[in-house]
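The file start_1.txt comes next; it holds compact mmCIF, C-alpha atoms.
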```txt
# COMPACT_ATOMS: atom_id res chain seq x y z
CA MET A 17 21.28 2.71 -25.22
CA SER A 18 21.71 6.41 -25.87
CA PHE A 19 22.24 9.19 -23.43
CA SER A 20 20.92 12.06 -25.49
CA LEU A 21 19.03 14.85 -23.83
CA GLY A 22 15.80 13.47 -25.28
CA ASP A 23 16.03 10.39 -23.08
CA LYS A 24 16.03 12.53 -19.98
CA SER A 25 12.93 14.49 -20.92
CA MET A 26 10.68 12.32 -18.73
CA HIS A 27 8.75 10.79 -21.63
CA ASN A 28 7.34 8.24 -19.17
CA PHE A 29 5.95 10.95 -16.88
CA THR A 30 2.13 10.73 -16.93
CA PRO A 31 0.90 13.73 -14.91
CA LEU A 32 -2.80 13.62 -15.78
CA SER A 33 -3.42 9.94 -15.09
CA ALA A 34 -1.23 10.16 -11.98
CA LEU A 35 -3.21 13.08 -10.60
CA GLY A 36 -6.55 11.50 -11.59
CA GLY A 37 -5.60 8.20 -9.99
CA GLY A 38 -4.37 10.02 -6.89
CA LEU A 39 -7.68 11.87 -6.54
CA LEU A 40 -9.56 8.56 -6.82
CA ILE A 41 -7.32 6.94 -4.18
CA GLY A 42 -7.84 9.90 -1.84
CA GLY A 43 -11.57 9.81 -2.56
CA ALA A 44 -11.70 6.11 -1.68
CA ALA A 45 -9.96 6.80 1.64
CA VAL A 46 -12.48 9.57 2.39
CA LEU A 47 -15.40 7.28 1.54
CA LEU A 48 -14.14 4.56 3.89
CA LEU A 49 -13.65 7.03 6.74
CA LEU A 50 -16.96 8.84 6.18
CA LEU A 51 -19.12 5.75 5.76
CA ASN A 52 -17.33 3.13 7.89
CA GLY A 53 -15.05 5.17 10.13
CA ARG A 54 -11.96 3.25 9.07
CA ILE A 55 -8.53 4.14 7.76
CA ALA A 56 -7.79 2.84 4.24
CA GLY A 57 -4.42 1.31 5.05
CA ILE A 58 -4.01 -1.68 2.77
CA SER A 59 -1.29 -3.40 4.83
CA ASN A 60 -3.36 -3.21 8.03
CA ILE A 61 -6.55 -4.28 6.27
CA THR A 62 -4.69 -7.28 4.81
CA SER A 63 -2.61 -8.35 7.82
CA GLY A 64 -5.66 -7.96 10.08
CA LEU A 65 -7.08 -10.99 8.24
CA LEU A 66 -4.42 -13.15 9.89
CA ALA A 67 -5.97 -12.59 13.33
CA LEU A 68 -9.09 -14.44 12.14
CA LYS A 69 -11.11 -12.47 14.66
CA GLN A 70 -14.81 -13.13 14.47
CA GLY A 71 -16.77 -10.31 12.84
CA ASP A 72 -13.56 -8.70 11.62
CA VAL A 73 -12.87 -10.72 8.48
CA LEU A 74 -15.70 -10.05 6.03
CA TRP A 75 -15.25 -6.29 5.67
CA ARG A 76 -11.54 -6.77 5.02
CA LEU A 77 -12.22 -9.34 2.29
CA LEU A 78 -14.87 -7.10 0.73
CA PHE A 79 -12.55 -4.10 0.63
CA LEU A 80 -9.71 -6.12 -0.90
CA GLY A 81 -12.10 -7.83 -3.31
CA GLY A 82 -13.37 -4.40 -4.37
CA LEU A 83 -9.78 -3.23 -4.86
CA VAL A 84 -8.99 -6.19 -7.13
CA ALA A 85 -12.26 -5.69 -9.05
CA GLY A 86 -11.54 -1.97 -9.55
CA ALA A 87 -8.15 -2.71 -11.10
CA ALA A 88 -9.55 -5.63 -13.13
CA ILE A 89 -12.33 -3.54 -14.66
CA TYR A 90 -9.86 -0.84 -15.63
CA TYR A 91 -7.69 -3.45 -17.36
CA ARG A 92 -10.74 -4.92 -19.10
CA LEU A 93 -11.79 -1.50 -20.41
CA PHE A 94 -8.41 -0.09 -21.32
CA GLY A 95 -6.23 -3.19 -21.75
CA ASN A 96 -3.43 -1.74 -19.68
CA ALA A 97 -2.69 -4.70 -17.41
CA PRO A 98 0.91 -4.87 -16.21
CA ALA A 99 3.00 -7.49 -18.00
CA PRO A 100 4.97 -9.80 -15.70
CA ARG A 101 8.72 -9.19 -15.64
CA LEU A 102 10.31 -12.22 -17.24
CA SER A 103 13.91 -11.70 -16.21
CA PHE A 104 13.30 -10.62 -12.60
CA PRO A 105 14.51 -13.34 -10.19
CA GLY A 106 11.68 -15.08 -8.36
CA TRP A 107 13.60 -15.43 -5.10
CA LEU A 108 14.26 -11.68 -5.06
CA LEU A 109 10.58 -10.86 -5.59
CA GLY A 110 9.75 -13.30 -2.78
CA LEU A 111 12.30 -11.67 -0.48
CA GLY A 112 10.86 -8.24 -1.35
CA GLY A 113 7.38 -9.49 -0.48
CA VAL A 114 8.43 -10.91 2.89
CA LEU A 115 10.15 -7.61 3.77
CA VAL A 116 7.06 -5.62 2.69
CA GLY A 117 4.80 -7.84 4.82
CA PHE A 118 7.08 -7.86 7.86
CA GLY A 119 7.99 -4.17 7.66
CA THR A 120 4.47 -2.85 7.22
CA SER A 121 3.24 -5.07 10.05
CA LEU A 122 6.03 -3.90 12.39
CA GLY A 123 5.71 -0.26 11.31
CA SER A 124 1.88 -0.29 11.39
CA GLY A 125 1.37 0.92 7.85
CA CYS A 126 2.41 1.41 4.27
CA THR A 127 2.10 3.95 1.47
CA SER A 128 -1.67 4.10 1.94
CA GLY A 129 -1.98 3.98 5.74
CA HIS A 130 0.96 6.27 6.55
CA GLY A 131 1.21 8.04 3.18
CA VAL A 132 -2.30 8.79 1.91
CA CYS A 133 -4.22 8.65 5.21
CA GLY A 134 -1.59 9.52 7.82
CA LEU A 135 -0.35 12.60 5.97
CA GLY A 136 -3.99 13.61 5.47
CA ARG A 137 -4.44 13.47 9.26
CA PHE A 138 -1.27 15.53 9.73
CA SER A 139 0.23 12.70 11.79
CA VAL A 140 3.89 13.32 12.59
CA ARG A 141 4.35 9.59 13.10
CA SER A 142 3.13 8.89 9.57
CA LEU A 143 5.25 11.70 8.14
CA ALA A 144 8.33 10.11 9.73
CA ALA A 145 7.41 6.66 8.40
CA THR A 146 6.73 8.02 4.90
CA CYS A 147 10.09 9.81 4.74
CA ILE A 148 11.90 6.70 5.96
CA PHE A 149 10.36 4.25 3.49
CA LEU A 150 10.77 6.68 0.60
CA VAL A 151 14.48 7.03 1.39
CA THR A 152 15.15 3.30 1.88
CA GLY A 153 13.05 2.55 -1.22
CA ILE A 154 15.12 4.94 -3.32
CA VAL A 155 18.44 3.62 -1.96
CA THR A 156 17.36 -0.01 -2.46
CA ALA A 157 16.12 0.58 -6.02
CA PHE A 158 19.49 2.16 -6.82
CA VAL A 159 21.44 -0.78 -5.38
CA VAL A 160 19.29 -3.45 -7.08
CA ARG A 161 19.25 -1.76 -10.47
CA HIS A 162 22.61 -0.08 -10.77
CA MET A 163 24.91 -2.14 -8.59
CA PHE A 164 23.45 -5.56 -9.40
CA GLY A 165 21.89 -4.73 -12.77
CA VAL A 166 18.56 -6.40 -11.93
CA TYR A 167 15.47 -4.94 -13.63
CA MET B 10 -26.57 1.77 2.29
CA ASN B 11 -25.33 -1.43 3.90
CA LYS B 12 -21.97 -1.06 5.66
CA TYR B 13 -20.51 -4.00 3.77
CA VAL B 14 -21.57 -2.59 0.40
CA SER B 15 -19.89 0.71 1.23
CA VAL B 16 -16.62 -1.05 2.14
CA ALA B 17 -16.62 -2.87 -1.20
CA ILE B 18 -17.30 0.40 -3.05
CA SER B 19 -14.40 2.14 -1.26
CA GLY B 20 -12.14 -0.75 -2.18
CA PHE B 21 -13.33 -0.61 -5.77
CA VAL B 22 -12.58 3.10 -6.11
CA PHE B 23 -9.19 2.55 -4.47
CA GLY B 24 -8.25 -0.22 -6.92
CA LEU B 25 -9.53 1.82 -9.86
CA GLY B 26 -7.38 4.75 -8.72
CA LEU B 27 -4.28 2.57 -8.45
CA ALA B 28 -4.81 1.23 -11.97
CA VAL B 29 -5.61 4.67 -13.47
CA ALA B 30 -2.47 6.09 -11.87
CA GLY B 31 -0.35 3.27 -13.31
CA MET B 32 0.79 2.36 -9.80
CA THR B 33 0.03 -1.33 -10.34
CA HIS B 34 2.98 -1.40 -12.73
CA ALA B 35 6.11 -2.22 -10.74
CA SER B 36 8.21 -0.74 -13.54
CA LYS B 37 6.48 2.62 -13.13
CA VAL B 38 6.93 2.67 -9.35
CA LEU B 39 10.58 1.67 -9.71
CA GLY B 40 10.93 4.35 -12.37
CA PHE B 41 10.09 6.80 -9.58
CA LEU B 42 12.25 5.22 -6.87
CA ASP B 43 15.20 5.00 -9.27
CA VAL B 44 16.01 8.70 -9.21
CA THR B 45 19.29 8.23 -11.04
CA GLY B 46 17.66 6.50 -14.01
CA ASP B 47 15.13 7.89 -16.48
CA TRP B 48 13.21 9.42 -13.58
CA ASP B 49 9.40 9.23 -13.63
CA ALA B 50 7.89 11.71 -11.16
CA SER B 51 4.34 10.34 -11.57
CA LEU B 52 4.18 8.71 -8.11
CA LEU B 53 4.73 12.10 -6.50
CA LEU B 54 1.58 13.42 -8.19
CA VAL B 55 -0.38 10.31 -7.19
CA LEU B 56 0.56 10.77 -3.54
CA GLY B 57 0.13 14.54 -3.75
CA GLY B 58 -3.31 14.26 -5.35
CA ALA B 59 -4.46 11.68 -2.81
CA VAL B 60 -3.17 13.64 0.19
CA ALA B 61 -4.73 16.87 -1.12
CA VAL B 62 -8.11 15.11 -0.97
CA THR B 63 -7.63 13.45 2.43
CA ALA B 64 -6.07 16.54 4.06
CA ILE B 65 -9.16 18.60 3.24
CA ALA B 66 -11.91 16.00 3.48
CA PHE B 67 -10.72 14.08 6.59
CA ARG B 68 -11.02 17.32 8.57
CA LEU B 69 -14.64 17.77 7.50
CA VAL B 70 -15.49 14.10 8.04
CA LEU B 71 -13.99 14.03 11.54
CA ARG B 72 -16.24 16.90 12.63
CA ARG B 73 -19.01 14.31 12.71
CA LYS B 74 -19.67 12.41 15.93
CA ALA B 75 -19.68 9.10 14.09
CA PRO B 76 -19.35 7.69 10.58
CA VAL B 77 -22.53 7.34 8.53
CA LEU B 78 -22.93 3.57 8.72
CA GLU B 79 -21.11 2.51 11.90
CA GLY B 80 -21.02 3.54 15.56
CA THR B 81 -17.51 4.96 15.92
CA PHE B 82 -14.46 6.14 14.07
CA ARG B 83 -11.56 3.70 14.44
CA LEU B 84 -8.44 5.82 14.27
CA PRO B 85 -4.85 4.95 15.18
CA THR B 86 -3.99 6.15 18.69
CA ALA B 87 -0.18 5.83 18.70
CA GLU B 88 1.66 9.13 18.49
CA ASP B 89 5.28 8.30 19.33
CA ILE B 90 7.93 7.90 16.70
CA ASP B 91 9.15 4.69 18.30
CA GLN B 92 11.58 1.98 17.34
CA PRO B 93 9.06 -0.39 15.71
CA LEU B 94 7.78 2.44 13.49
CA ILE B 95 11.27 3.40 12.34
CA LEU B 96 12.53 -0.15 11.89
CA GLY B 97 9.30 -1.25 10.18
CA ALA B 98 9.29 1.67 7.73
CA LEU B 99 12.96 1.01 7.00
CA ILE B 100 12.37 -2.67 6.25
CA PHE B 101 9.23 -1.95 4.22
CA GLY B 102 11.14 0.57 2.09
CA VAL B 103 13.78 -2.04 1.28
CA GLY B 104 11.12 -4.55 0.21
CA TRP B 105 9.36 -1.86 -1.83
CA GLY B 106 12.59 -0.82 -3.55
CA ILE B 107 13.36 -4.45 -4.39
CA SER B 108 9.94 -5.46 -5.69
CA GLY B 109 8.29 -2.25 -6.89
CA TYR B 110 5.13 -3.22 -5.03
CA CYS B 111 3.69 -1.77 -1.84
CA PRO B 112 0.74 -3.68 -0.34
CA GLY B 113 -2.05 -2.07 -2.46
CA PRO B 114 -0.49 -2.77 -5.85
CA GLY B 115 0.63 -6.13 -4.45
CA ILE B 116 -2.98 -7.15 -3.78
CA ALA B 117 -4.00 -5.65 -7.14
CA LEU B 118 -1.70 -8.22 -8.80
CA LEU B 119 -4.67 -10.58 -8.37
CA ALA B 120 -6.53 -8.55 -11.03
CA ALA B 121 -4.13 -9.76 -13.74
CA PRO B 122 -2.49 -12.86 -12.28
CA SER B 123 0.98 -13.90 -13.40
CA TRP B 124 3.94 -15.64 -11.76
CA GLU B 125 4.60 -12.39 -9.89
CA THR B 126 1.20 -12.65 -8.19
CA TRP B 127 1.80 -16.15 -6.89
CA VAL B 128 5.19 -15.23 -5.50
CA PHE B 129 4.50 -11.76 -4.10
CA VAL B 130 1.08 -12.14 -2.45
CA PRO B 131 1.98 -15.25 -0.38
CA ALA B 132 5.33 -13.64 0.47
CA VAL B 133 3.64 -10.51 1.89
CA LEU B 134 1.26 -12.62 3.94
CA SER B 135 4.17 -14.75 5.23
CA GLY B 136 6.05 -11.61 6.21
CA ALA B 137 3.09 -10.29 8.17
CA LEU B 138 2.56 -13.71 9.76
CA LEU B 139 6.24 -13.87 10.67
CA HIS B 140 5.89 -10.55 12.49
CA ARG B 141 2.82 -11.80 14.38
CA LEU B 142 4.65 -14.96 15.45
CA PHE B 143 7.71 -12.94 16.41
CA MET B 144 5.58 -10.61 18.57
CA ALA B 145 3.75 -13.54 20.12
CA SER B 146 7.00 -15.29 21.02
CA ARG B 147 8.25 -12.14 22.72
CA ALA B 148 5.08 -11.59 24.69
CA ASP B 149 4.78 -13.02 28.18
CA GLY B 150 2.61 -16.02 28.80
CA PRO B 151 1.46 -18.69 26.37
CA ILE B 152 2.21 -18.12 22.71
CA ALA B 153 -0.81 -16.65 20.96
CA LEU B 154 -1.01 -18.22 17.55
CA PRO B 155 -3.05 -16.53 14.83
CA GLY B 156 -6.64 -17.53 15.33
CA SER B 157 -6.32 -17.73 19.08
CA GLU B 158 -6.50 -13.98 19.54
CA ARG B 159 -9.16 -13.02 22.03
CA SER B 160 -10.47 -9.66 23.03
CA LEU B 161 -10.59 -9.51 26.82
```
For this file, produce the structure as structure tokens.
Amino acid sequence: MSFSLGDKSMHNFTPLSALGGGLLIGGAAVLLLLLNGRIAGISNITSGLLALKQGDVLWRLLFLGGLVAGAAIYYRLFGNAPAPRLSFPGWLLGLGGVLVGFGTSLGSGCTSGHGVCGLGRFSVRSLAATCIFLVTGIVTAFVVRHMFGVY
Amino acid sequence: MNKYVSVAISGFVFGLGLAVAGMTHASKVLGFLDVTGDWDASLLLVLGGAVAVTAIAFRLVLRRKAPVLEGTFRLPTAEDIDQPLILGALIFGVGWGISGYCPGPGIALLAAPSWETWVFVPAVLSGALLHRLFMASRADGPIALPGSERSL
């Protein structure tokens, strides 16, 4: 491992694809609001499935199915599917997942619901949530990576 | 257009955007959250690009009386920064910082399944279910299990 200046030049920063992907994500949220009148919050769309309310399941499955298909087609065309982390502890990933599910359910939203859509609606509630999860995410990533050395 | 077709198209564009942005890679998301490492600012541009679109277009869309294919807009009504919001966002951030996945990229794991998919997706659903059960057990009256929810 070297600590030369070159390593800090953000060689992994991908501004064009990040901006392009962001525009697509925002566009998808606009489409869902314009056509179906709904907020594209992935945690709410997913956890709403658990209510098993009649007439409220199919659209959720179709949205999530579309989401999976969109990513799958991109991988098929460009071969850029994420490789699974082989040394990351399974129990820790499971714990992370439970916290993501519980937290987004309790806090009524995630990066898409509060971040992309809530900020777009100028919701102060969503701004507060977004700041909080960004800060705890940054602190947690630091602890996991640099204090426990888990990548 | 059928209202179910439009939902699937929105989902498709959303998933495509996540993959284009590289946000389905936990390592890339963690490269952003880990500000003391070899910092990758990409996520900031993803969020910024997405919010630039919604901030402008939501305003125009909400001038309509109703969405194109359904009767009403279904928007969140809560406005208070209350304890569940703060605590929930706090807990979600911890899970996000551990795993590198928020719910969208978590679901997108199904597009290229690996061991991470079969751990993370059930874990997220269990977490959400746990919250539902927790709420139900705190509510007055008989415990409402998932599936027994009824609109009065």
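A straight line drawn from CA of Ser139 (chain A) to CA of Ser63 (chain A) is 21.6 Å long.
For the pair CA of Ile61 (chain A) and CA of Ala75 (chain B), the interatomic distance is 20.3 Å.
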Inset, instruction - Return the single residue from B:Val55, B:Leu25, B:Leu139, B:Leu42 that is closest to Leu93 (chain A), with distances computed using all atoms listed in the file. - result: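 Checking each candidate against Leu93 (chain A), we get B:Leu25 as the closest.
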Inset, instruction - Enter the distance from CA of Asn52 (chain A) to CA of Thr81 (chain B), in Å, rounded to one decimal. - result: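 Straight-line distance from CA of Asn52 (chain A) to CA of Thr81 (chain B) works out to 8.2 Å.
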Enclose all atoms of region 59-63 of chain A listed in the file in an axis-aligned box, grow every side by 8 Å, and hand back centre and edge lengths in Å to one decimal, as JSON.
```
{"center_x": -3.9, "center_y": -5.8, "center_z": 6.4, "size_x": 21.3, "size_y": 21.1, "size_z": 19.2}
```
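Using only C-alpha atoms, the smallest distance between any of B:Ala148, B:Val22, B:Ala59, B:Ile107 and Arg161 (chain A) comes from B:Ile107.
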Inset, instruction - Counting only C-alpha atoms, figure out which residue out of A:Ala97, A:Leu68, A:Leu77, A:Ile55 gets nearest to Ser124 (chain A). - result: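 Under the stated criterion, the closest residue is A:Ile55.
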Legend entry - Which residue of B:Pro122, B:Asn11, B:Tyr110, B:Phe143 approaches Thr33 (chain B) most closely, using only C-alpha atoms: B:Tyr110
